[in-house]
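File shown: run-v9.cif. Contents: mmCIF, C-alpha atoms.
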data_upload
#
loop_
_atom_site.label_atom_id
_atom_site.label_comp_id
_atom_site.auth_asym_id
_atom_site.auth_seq_id
_atom_site.Cartn_x
_atom_site.Cartn_y
_atom_site.Cartn_z
CA MET A 251 8.41 20.20 16.63
CA ASN A 252 5.63 22.22 18.21
CA VAL A 253 2.37 20.48 18.99
CA ASN A 254 -0.87 22.27 18.26
CA THR A 255 -3.32 20.52 20.56
CA GLU A 256 -6.31 22.03 18.73
CA ASN A 257 -5.40 20.08 15.58
CA SER A 258 -4.06 16.90 17.15
CA VAL A 259 -5.13 13.51 15.80
CA SER A 260 -4.31 10.02 16.92
CA ILE A 261 -1.56 8.04 15.22
CA THR A 262 -4.22 5.53 14.15
CA GLU A 263 -6.29 8.23 12.45
CA ALA A 264 -3.20 9.70 10.80
CA HIS A 265 -2.25 6.26 9.51
CA ARG A 266 -5.76 5.66 8.13
CA ASN A 267 -6.21 9.10 6.59
CA PHE A 268 -2.73 10.49 6.00
CA SER A 269 -3.83 12.78 3.17
CA CYS A 270 -6.35 14.61 5.35
CA VAL A 271 -3.83 15.04 8.16
CA ALA A 272 -1.12 16.19 5.76
CA HIS A 273 -3.24 19.11 4.58
CA SER A 274 -3.37 20.54 8.09
CA ALA A 275 0.28 19.93 9.03
CA SER A 276 3.58 21.73 8.49
CA ASP A 277 6.45 20.13 6.56
CA GLU A 278 8.23 19.30 9.83
CA ASP A 279 5.08 17.63 11.16
CA ILE A 280 4.69 15.58 8.00
CA ILE A 281 8.32 14.42 8.11
CA ALA A 282 8.06 13.48 11.79
CA LEU A 283 4.82 11.57 11.23
CA SER A 284 6.21 9.83 8.15
CA LYS A 285 9.27 8.67 10.10
CA LEU A 286 7.03 7.35 12.88
CA ILE A 287 4.85 5.40 10.45
CA ILE A 288 7.87 4.04 8.56
CA GLU A 289 9.50 2.88 11.78
CA LYS A 290 6.28 1.28 13.00
CA ASN A 291 5.91 -0.65 9.73
CA ARG A 292 9.59 -1.28 8.96
CA GLU A 293 9.32 -5.06 9.21
CA ALA A 294 6.38 -5.17 6.79
CA TYR A 295 8.20 -2.92 4.31
CA GLU A 296 11.28 -5.16 4.44
CA VAL A 297 9.14 -8.22 3.70
CA LEU A 298 7.48 -6.44 0.78
CA THR A 299 10.82 -5.48 -0.79
CA LYS A 300 11.95 -9.09 -1.03
#
Written form, structure tokens:
Amino acid sequence: MNVNTENSVSITEAHRNFSCVAHSASDEDIIALSKLIIEKNREAYEVLTK
């Protein structure tokens, strides 16, 4: 994945406003960010699925 530093946002901002970030990102960027967020919240997701 290439990083465009002119369009970079923090993980916190991306988590809060994913839709806005997704409009300015490539498919690869969106997949990478989604995986990061899923991994960060995995425990919460597992609790919610019970």
Do you know which residues the PyMOL selection byres ((chain A and resi 265) around 12) returns on this file, as an mmCIF file with C-alpha atoms, keeping the file's coordinate frame?
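Result file expr13.cif:
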data_model
loop_
_atom_site.group_PDB
_atom_site.id
_atom_site.type_symbol
_atom_site.label_atom_id
_atom_site.label_comp_id
_atom_site.auth_asym_id
_atom_site.auth_seq_id
_atom_site.Cartn_x
_atom_site.Cartn_y
_atom_site.Cartn_z
ATOM 1 C CA VAL A 259 -5.130 13.510 15.800
ATOM 2 C CA SER A 260 -4.310 10.020 16.920
ATOM 3 C CA ILE A 261 -1.560 8.040 15.220
ATOM 4 C CA THR A 262 -4.220 5.530 14.150
ATOM 5 C CA GLU A 263 -6.290 8.230 12.450
ATOM 6 C CA ALA A 264 -3.200 9.700 10.800
ATOM 7 C CA ARG A 266 -5.760 5.660 8.130
ATOM 8 C CA ASN A 267 -6.210 9.100 6.590
ATOM 9 C CA PHE A 268 -2.730 10.490 6.000
ATOM 10 C CA SER A 269 -3.830 12.780 3.170
ATOM 11 C CA CYS A 270 -6.350 14.610 5.350
ATOM 12 C CA VAL A 271 -3.830 15.040 8.160
ATOM 13 C CA ALA A 272 -1.120 16.190 5.760
ATOM 14 C CA ILE A 280 4.690 15.580 8.000
ATOM 15 C CA LEU A 283 4.820 11.570 11.230
ATOM 16 C CA SER A 284 6.210 9.830 8.150
ATOM 17 C CA LYS A 285 9.270 8.670 10.100
ATOM 18 C CA LEU A 286 7.030 7.350 12.880
ATOM 19 C CA ILE A 287 4.850 5.400 10.450
ATOM 20 C CA ILE A 288 7.870 4.040 8.560
ATOM 21 C CA LYS A 290 6.280 1.280 13.000
ATOM 22 C CA ASN A 291 5.910 -0.650 9.730
#
Here CA of Glu278 (chain A) and CA of Glu296 (chain A) stand apart by 25.2 Å
Point-to-point distance from CA of Leu298 (chain A) to CA of Ile281 (chain A), Å rounded to tenths = 22.1 Å
